[in-house]
Protein chains: 4
Amino acid sequence: MFKARFRVSWSDTDAAGIVHFSNHFRYVEKAEEELYNSLGFDFVSIFKKYGFALPRVEACCKYYSPLRFNDIIEVRISVEEVREKSLRYKFEIYNVTADKVAAEGHIVAVAADIKRGKSVPLDREFVKRLLKAAGTESEG
Amino acid sequence: MFKARFRVSWSDTDAAGIVHFSNHFRYVEKAEEELYNSLGFDFVSIFKKYGFALPRVEACCKYYSPLRFNDIIEVRISVEEVREKSLRYKFEIYNVTADKVAAEGHIVAVAADIKRGKSVPLDREFVKRLLKAAGTESEG
Amino acid sequence: MFKARFRVSWSDTDAAGIVHFSNHFRYVEKAEEELYNSLGFDFVSIFKKYGFALPRVEACCKYYSPLRFNDIIEVRISVEEVREKSLRYKFEIYNVTADKVAAEGHIVAVAADIKRGKSVPLDREFVKRLLKAAGTESEG
Amino acid sequence: MFKARFRVSWSDTDAAGIVHFSNHFRYVEKAEEELYNSLGFDFVSIFKKYGFALPRVEACCKYYSPLRFNDIIEVRISVEEVREKSLRYKFEIYNVTADKVAAEGHIVAVAADIKRGKSVPLDREFVKRLLKAAGTESEG
């Protein structure tokens, strides 16, 4: 499991006084970015060189309690499943300020050659390091 | 089924040149808002008077093809299930420009008294009109 | 002057119950996009072919009255100044629902060759058509 | 001067591969929030109790160089002017990764009683502490 902490910004909230439900997915992606950064995985240079990206093919979230402005959240993600060309992350958004789980869900991303519009195999070395840092049994 | 058309804005895209996956949920919510507007359902005044809202408790999306800048999309939503205090919408985001389905999924919303932090029964008259406008068998 | 109407979405608001101030700039850009669309100006294909874009080098807004959920707004933009490689738009965001001016400001955009990171001259034919559609003296 | 560091998220970028110009204002507001947090200024409780907020009445930014995905930025804000009911912040967004200034500008915020829709005097103690932490001559 990999963990990353963020603070809820004012611009993340909506007129109900809580974080807009679409932003939970952005928090999860930010945690995923931190995970790659922690691995020295050069997402940007790979994207620039090969037109590579990890577009999402599925994203689901269950919302248990609202997130409010300035709440500290901890996003906990782990790789639930690895296939040849795709990864399935499960995530939990824990509201540290309120001491309760705010949401949980999963995201499936595919390794894609953006320019040719087709999926490609995941790099094995990358997967290995990813599982070490964010496997379901690893400790973040 | 209820249908609403939008155009993809530049600010909806990300560095992969496609719409960021979190924005699909915003498009669906915009269609939901248009649906309520078409019913004369005064979402704002109800929210102001009673602290009422329809927070999401679940949101899922499967992505089939990317949306690009300036694409015309048609969001098709219908009420899949009505419970005492919640609604389940299913949606499809159709890319009119590319003539293909871009995404589909569902959203579950709960009628909530924001101030007291608890769910409340849906108004029956509202549900009736909603099903007429956006039932799974109605034509948008 | 060119005019485009939009409706304020729930996701545009923040916890103060009003549109977040950063979103006014997005509304203005949406109006600019509609202006280009009305001219048959193929922004996307130009971007794809030449790596061309119109990045902003300056953006200013004065806020006079808040925009709320579901308000209908009319964005009025006109080309205030044309230089060899840049355009200055002035804009007004009129709140049709509240019948008052919500904001006004200006945006300066530069014609840029993104790949080489340098500004390039604006196409003269494009400027001519732009001034016809959105000059300070033209009627939208 | 007060300084806060952030990392550019994927969702902050647009199809030109750079941070959308509206997001610079969000970064500045995030730094402002960190400033208030550092002062123990309880923005949320004040908002809840008194309907108090600091809505923006003016926001301007000049863009000097693009921000890209994963760039580390340092937002430097200082209180340029204090009036009875308003504050003027100037800001600089420094791109730490690229070692250059990305943008600079200013924001004017008014102390407002949201419920009655009118401006109110700024708390003197708050201003004093604010100037100590983020005055133009203080060191962040």
# chains A, B, ... in the order shown; residues from 1 in each chain; ligands from 1
$ interface_residues --of "chain D" --to "chain C" --cutoff "8 Å" --atoms "only C-alpha atoms" --output "PyMOL selection string"
chain D and resi 16+21-23+25-26+53+56-64+114
$ residues_around --residues "Val120 in chain B" --least-positions-apart "6" --cutoff "7 Å" --atoms "only C-alpha atoms" --output "compact mmCIF listing (two decimals) with all heavy atoms, in the first residue's frame"
# COMPACT_ATOMS: atom_id res chain seq x y z
N LYS B 85 -34.99 6.70 -0.41
CA LYS B 85 -34.16 7.89 -0.18
C LYS B 85 -33.04 8.07 -1.21
O LYS B 85 -32.18 8.93 -1.04
CB LYS B 85 -33.52 7.79 1.22
CG LYS B 85 -34.54 7.73 2.34
CD LYS B 85 -33.86 7.49 3.69
CE LYS B 85 -34.88 7.51 4.82
NZ LYS B 85 -34.24 7.28 6.14
N ALA B 111 -31.03 11.61 -1.23
CA ALA B 111 -31.66 12.85 -0.78
C ALA B 111 -31.16 13.09 0.64
O ALA B 111 -31.34 12.24 1.52
CB ALA B 111 -33.17 12.73 -0.79
N ALA B 112 -30.49 14.22 0.85
CA ALA B 112 -29.85 14.43 2.15
C ALA B 112 -30.17 15.79 2.74
O ALA B 112 -30.23 16.80 2.05
CB ALA B 112 -28.34 14.29 2.01
N ASP B 113 -30.42 15.76 4.03
CA ASP B 113 -30.55 16.98 4.80
C ASP B 113 -29.13 17.34 5.23
O ASP B 113 -28.60 16.78 6.20
CB ASP B 113 -31.45 16.72 6.01
CG ASP B 113 -31.61 17.96 6.88
OD1 ASP B 113 -30.68 18.80 6.92
OD2 ASP B 113 -32.66 18.08 7.52
$ residues_around --residues "Arg129 in chain C" --least-positions-apart "5" --cutoff "9 Å" --atoms "only C-alpha atoms" --output "CSV table (one decimal) with N, CA, C and O atoms, in the first residue's frame"
chain,number,residue,atom,x,y,z
C,39,LEU,N,-16.5,31.1,-36.7
C,39,LEU,CA,-15.7,31.5,-37.8
C,39,LEU,C,-15.2,30.4,-38.7
C,39,LEU,O,-14.6,30.6,-39.7
C,124,ARG,N,-3.0,36.8,-41.0
C,124,ARG,CA,-3.7,38.1,-41.3
C,124,ARG,C,-5.2,37.8,-41.7
C,124,ARG,O,-6.1,38.6,-41.3
C,134,ALA,N,-15.8,40.0,-34.0
C,134,ALA,CA,-15.7,40.4,-32.6
C,134,ALA,C,-14.9,41.7,-32.4
C,134,ALA,O,-14.2,41.9,-31.4
$ select_by_dssp --residues "range 26-114 of chain A" --states "strand (DSSP E or B)" --output "tab-separated table (two decimals) with N, CA and C atoms, in the first residue's frame"
chain	number	residue	atom	x	y	z
A	52	PHE	N	3.49	7.61	-24.57
A	52	PHE	CA	2.97	6.68	-23.59
A	52	PHE	C	2.11	7.34	-22.53
A	53	ALA	N	1.04	6.72	-22.12
A	53	ALA	CA	0.28	7.23	-21.00
A	53	ALA	C	-0.47	6.09	-20.33
A	56	ARG	N	-7.30	5.93	-18.10
A	56	ARG	CA	-8.19	5.14	-17.27
A	56	ARG	C	-9.27	4.51	-18.14
A	57	VAL	N	-9.56	3.25	-17.91
A	57	VAL	CA	-10.68	2.63	-18.62
A	57	VAL	C	-11.85	2.36	-17.67
A	58	GLU	N	-11.59	2.51	-16.39
A	58	GLU	CA	-12.67	2.34	-15.42
A	58	GLU	C	-12.32	3.10	-14.15
A	59	ALA	N	-13.32	3.75	-13.58
A	59	ALA	CA	-13.12	4.49	-12.33
A	59	ALA	C	-14.40	4.43	-11.52
A	60	CYS	N	-14.30	3.92	-10.30
A	60	CYS	CA	-15.48	3.79	-9.45
A	60	CYS	C	-15.16	4.27	-8.04
A	61	CYS	N	-16.14	4.91	-7.43
A	61	CYS	CA	-15.94	5.40	-6.07
A	61	CYS	C	-17.23	5.30	-5.28
A	62	LYS	N	-17.10	4.84	-4.03
A	62	LYS	CA	-18.21	4.89	-3.09
A	62	LYS	C	-17.89	5.94	-2.04
A	63	TYR	N	-18.85	6.79	-1.79
A	63	TYR	CA	-18.64	7.92	-0.88
A	63	TYR	C	-19.32	7.63	0.45
A	72	ILE	N	-7.47	17.24	6.22
A	72	ILE	CA	-6.30	16.51	5.77
A	72	ILE	C	-6.77	15.12	5.35
A	73	ILE	N	-6.41	14.72	4.16
A	73	ILE	CA	-6.80	13.39	3.71
A	73	ILE	C	-5.56	12.55	3.42
A	74	GLU	N	-5.73	11.25	3.63
A	74	GLU	CA	-4.67	10.32	3.26
A	74	GLU	C	-5.24	9.37	2.22
A	75	VAL	N	-4.63	9.39	1.04
A	75	VAL	CA	-5.07	8.48	0.00
A	75	VAL	C	-4.20	7.24	0.06
A	76	ARG	N	-4.84	6.10	0.18
A	76	ARG	CA	-4.13	4.82	0.28
A	76	ARG	C	-4.44	4.00	-0.97
A	77	ILE	N	-3.42	3.76	-1.76
A	77	ILE	CA	-3.66	2.99	-2.98
A	77	ILE	C	-2.78	1.75	-3.01
A	78	SER	N	-3.34	0.72	-3.60
A	78	SER	CA	-2.54	-0.49	-3.79
A	78	SER	C	-2.95	-1.16	-5.09
A	79	VAL	N	-1.98	-1.85	-5.67
A	79	VAL	CA	-2.23	-2.54	-6.94
A	79	VAL	C	-2.98	-3.82	-6.63
A	80	GLU	N	-4.19	-3.90	-7.08
A	80	GLU	CA	-5.05	-5.04	-6.76
A	80	GLU	C	-4.86	-6.16	-7.79
A	81	GLU	N	-4.57	-5.74	-9.02
A	81	GLU	CA	-4.43	-6.74	-10.08
A	81	GLU	C	-3.54	-6.19	-11.20
A	82	VAL	N	-2.67	-7.05	-11.70
A	82	VAL	CA	-1.83	-6.66	-12.84
A	82	VAL	C	-2.14	-7.59	-14.00
A	86	SER	N	-2.70	-3.83	-18.40
A	86	SER	CA	-3.48	-2.94	-17.53
A	86	SER	C	-3.20	-3.20	-16.05
A	87	LEU	N	-3.53	-2.21	-15.27
A	87	LEU	CA	-3.36	-2.26	-13.81
A	87	LEU	C	-4.67	-1.91	-13.15
A	88	ARG	N	-4.98	-2.58	-12.06
A	88	ARG	CA	-6.16	-2.21	-11.29
A	88	ARG	C	-5.71	-1.75	-9.91
A	89	TYR	N	-5.98	-0.49	-9.61
A	89	TYR	CA	-5.68	0.05	-8.29
A	89	TYR	C	-6.96	0.05	-7.46
A	90	LYS	N	-6.83	-0.30	-6.19
A	90	LYS	CA	-7.94	0.00	-5.29
A	90	LYS	C	-7.47	1.14	-4.40
A	91	PHE	N	-8.39	1.94	-3.97
A	91	PHE	CA	-8.00	3.08	-3.15
A	91	PHE	C	-8.97	3.30	-2.01
A	92	GLU	N	-8.45	3.96	-0.99
A	92	GLU	CA	-9.27	4.41	0.12
A	92	GLU	C	-8.87	5.84	0.40
A	93	ILE	N	-9.85	6.71	0.56
A	93	ILE	CA	-9.55	8.09	0.94
A	93	ILE	C	-9.94	8.23	2.41
A	94	TYR	N	-8.93	8.38	3.24
A	94	TYR	CA	-9.16	8.47	4.67
A	94	TYR	C	-9.12	9.94	5.10
A	95	ASN	N	-10.17	10.36	5.80
A	95	ASN	CA	-10.22	11.74	6.29
A	95	ASN	C	-9.53	11.79	7.65
A	100	LYS	N	-12.25	9.35	9.84
A	100	LYS	CA	-13.13	8.34	9.25
A	100	LYS	C	-12.85	8.15	7.76
A	101	VAL	N	-13.24	7.00	7.26
A	101	VAL	CA	-13.07	6.74	5.83
A	101	VAL	C	-14.05	7.60	5.05
A	102	ALA	N	-13.54	8.35	4.08
A	102	ALA	CA	-14.41	9.21	3.29
A	102	ALA	C	-14.93	8.51	2.05
A	103	ALA	N	-14.09	7.67	1.47
A	103	ALA	CA	-14.48	7.03	0.21
A	103	ALA	C	-13.56	5.86	-0.08
A	104	GLU	N	-14.03	4.96	-0.92
A	104	GLU	CA	-13.15	3.93	-1.43
A	104	GLU	C	-13.60	3.52	-2.82
A	105	GLY	N	-12.70	2.91	-3.57
A	105	GLY	CA	-13.06	2.56	-4.94
A	105	GLY	C	-11.91	1.95	-5.67
A	106	HIS	N	-12.02	1.92	-6.98
A	106	HIS	CA	-10.91	1.38	-7.77
A	106	HIS	C	-10.79	2.11	-9.10
A	107	ILE	N	-9.62	1.98	-9.68
A	107	ILE	CA	-9.33	2.59	-10.98
A	107	ILE	C	-8.56	1.56	-11.80
A	108	VAL	N	-8.97	1.41	-13.04
A	108	VAL	CA	-8.23	0.53	-13.95
A	108	VAL	C	-7.59	1.41	-15.02
A	109	ALA	N	-6.27	1.27	-15.16
A	109	ALA	CA	-5.54	2.05	-16.15
A	109	ALA	C	-4.89	1.11	-17.15
A	110	VAL	N	-4.83	1.55	-18.39
A	110	VAL	CA	-4.24	0.75	-19.46
A	110	VAL	C	-2.98	1.43	-19.95
A	112	ALA	N	-0.99	2.73	-22.74
A	112	ALA	CA	-1.45	3.03	-24.10
A	112	ALA	C	-0.44	3.84	-24.89
A	113	ASP	N	-0.31	3.48	-26.13
A	113	ASP	CA	0.46	4.26	-27.09
A	113	ASP	C	-0.53	5.27	-27.66
$ residues_around --residues "range 35-38 of chain A" --least-positions-apart "2" --cutoff "9 Å" --atoms "only C-alpha atoms" --output "number ranges by chain"
A: 2-4, 30-33, 40-43, 77, 130, 133-134; D: 70
$ write_last_selection --atoms "N, CA, C and O atoms" --output "compact mmCIF listing (two decimals), in the first residue's frame"
# COMPACT_ATOMS: atom_id res chain seq x y z
N PHE A 2 0.48 2.22 -0.78
CA PHE A 2 1.19 3.49 -0.82
C PHE A 2 0.26 4.57 -0.28
O PHE A 2 -0.94 4.56 -0.55
N LYS A 3 0.84 5.49 0.51
CA LYS A 3 0.02 6.53 1.13
C LYS A 3 0.52 7.92 0.76
O LYS A 3 1.74 8.16 0.76
N ALA A 4 -0.39 8.81 0.50
CA ALA A 4 -0.02 10.20 0.23
C ALA A 4 -1.04 11.11 0.91
O ALA A 4 -2.24 10.81 0.90
N LYS A 30 -3.50 12.04 -7.92
CA LYS A 30 -2.35 12.72 -7.32
C LYS A 30 -1.52 11.74 -6.48
O LYS A 30 -0.28 11.79 -6.49
N ALA A 31 -2.20 10.84 -5.77
CA ALA A 31 -1.48 9.84 -4.99
C ALA A 31 -0.72 8.89 -5.92
O ALA A 31 0.42 8.51 -5.65
N GLU A 32 -1.36 8.54 -7.02
CA GLU A 32 -0.72 7.67 -8.01
C GLU A 32 0.55 8.35 -8.56
O GLU A 32 1.59 7.71 -8.73
N GLU A 33 0.45 9.64 -8.80
CA GLU A 33 1.61 10.40 -9.28
C GLU A 33 2.74 10.38 -8.25
O GLU A 33 3.91 10.24 -8.59
N GLY A 40 10.94 6.85 -8.81
CA GLY A 40 11.85 7.40 -9.80
C GLY A 40 11.39 7.07 -11.22
O GLY A 40 12.14 7.12 -12.18
N PHE A 41 10.12 6.70 -11.29
CA PHE A 41 9.53 6.36 -12.58
C PHE A 41 9.32 7.65 -13.33
O PHE A 41 8.57 8.52 -12.88
N ASP A 42 10.02 7.79 -14.47
CA ASP A 42 9.96 9.07 -15.15
C ASP A 42 8.79 9.14 -16.12
O ASP A 42 8.94 9.00 -17.34
N PHE A 43 7.62 9.35 -15.56
CA PHE A 43 6.36 9.43 -16.29
C PHE A 43 6.42 10.43 -17.44
O PHE A 43 6.04 10.14 -18.56
N ILE A 77 -3.42 3.76 -1.76
CA ILE A 77 -3.66 2.99 -2.98
C ILE A 77 -2.78 1.75 -3.01
O ILE A 77 -1.67 1.74 -2.50
N LEU A 130 6.60 -1.51 -8.84
CA LEU A 130 5.30 -0.99 -8.42
C LEU A 130 4.69 -1.90 -7.35
O LEU A 130 4.18 -1.43 -6.32
N ALA A 133 6.32 -1.46 -3.97
CA ALA A 133 5.96 -0.21 -3.29
C ALA A 133 4.48 -0.12 -2.95
O ALA A 133 4.10 0.49 -1.96
N ALA A 134 3.65 -0.75 -3.76
CA ALA A 134 2.21 -0.57 -3.56
C ALA A 134 1.42 -1.85 -3.77
O ALA A 134 0.26 -1.81 -4.17
N ASN D 70 4.24 17.72 -13.12
CA ASN D 70 5.24 17.31 -12.13
C ASN D 70 6.25 18.39 -11.75
O ASN D 70 7.09 18.16 -10.87
$ select_by_dssp --residues "chain B" --states "alpha helix (DSSP H)" --output "PyMOL selection string"
chain B and resi 23-38+43-50+124-134
$ closest_residue --among "D:Val96, D:Arg83, D:Met1, D:Gly135" --to "Leu122 in chain D" --atoms "only C-alpha atoms"
D:Arg83
$ atom_distance --atom1 "CA of Leu131 in chain C" --atom2 "CA of Val8 in chain C"
28.3 Å
$ atom_distance --atom1 "CA of Leu67 in chain D" --atom2 "CA of Thr13 in chain B"
15.5 Å
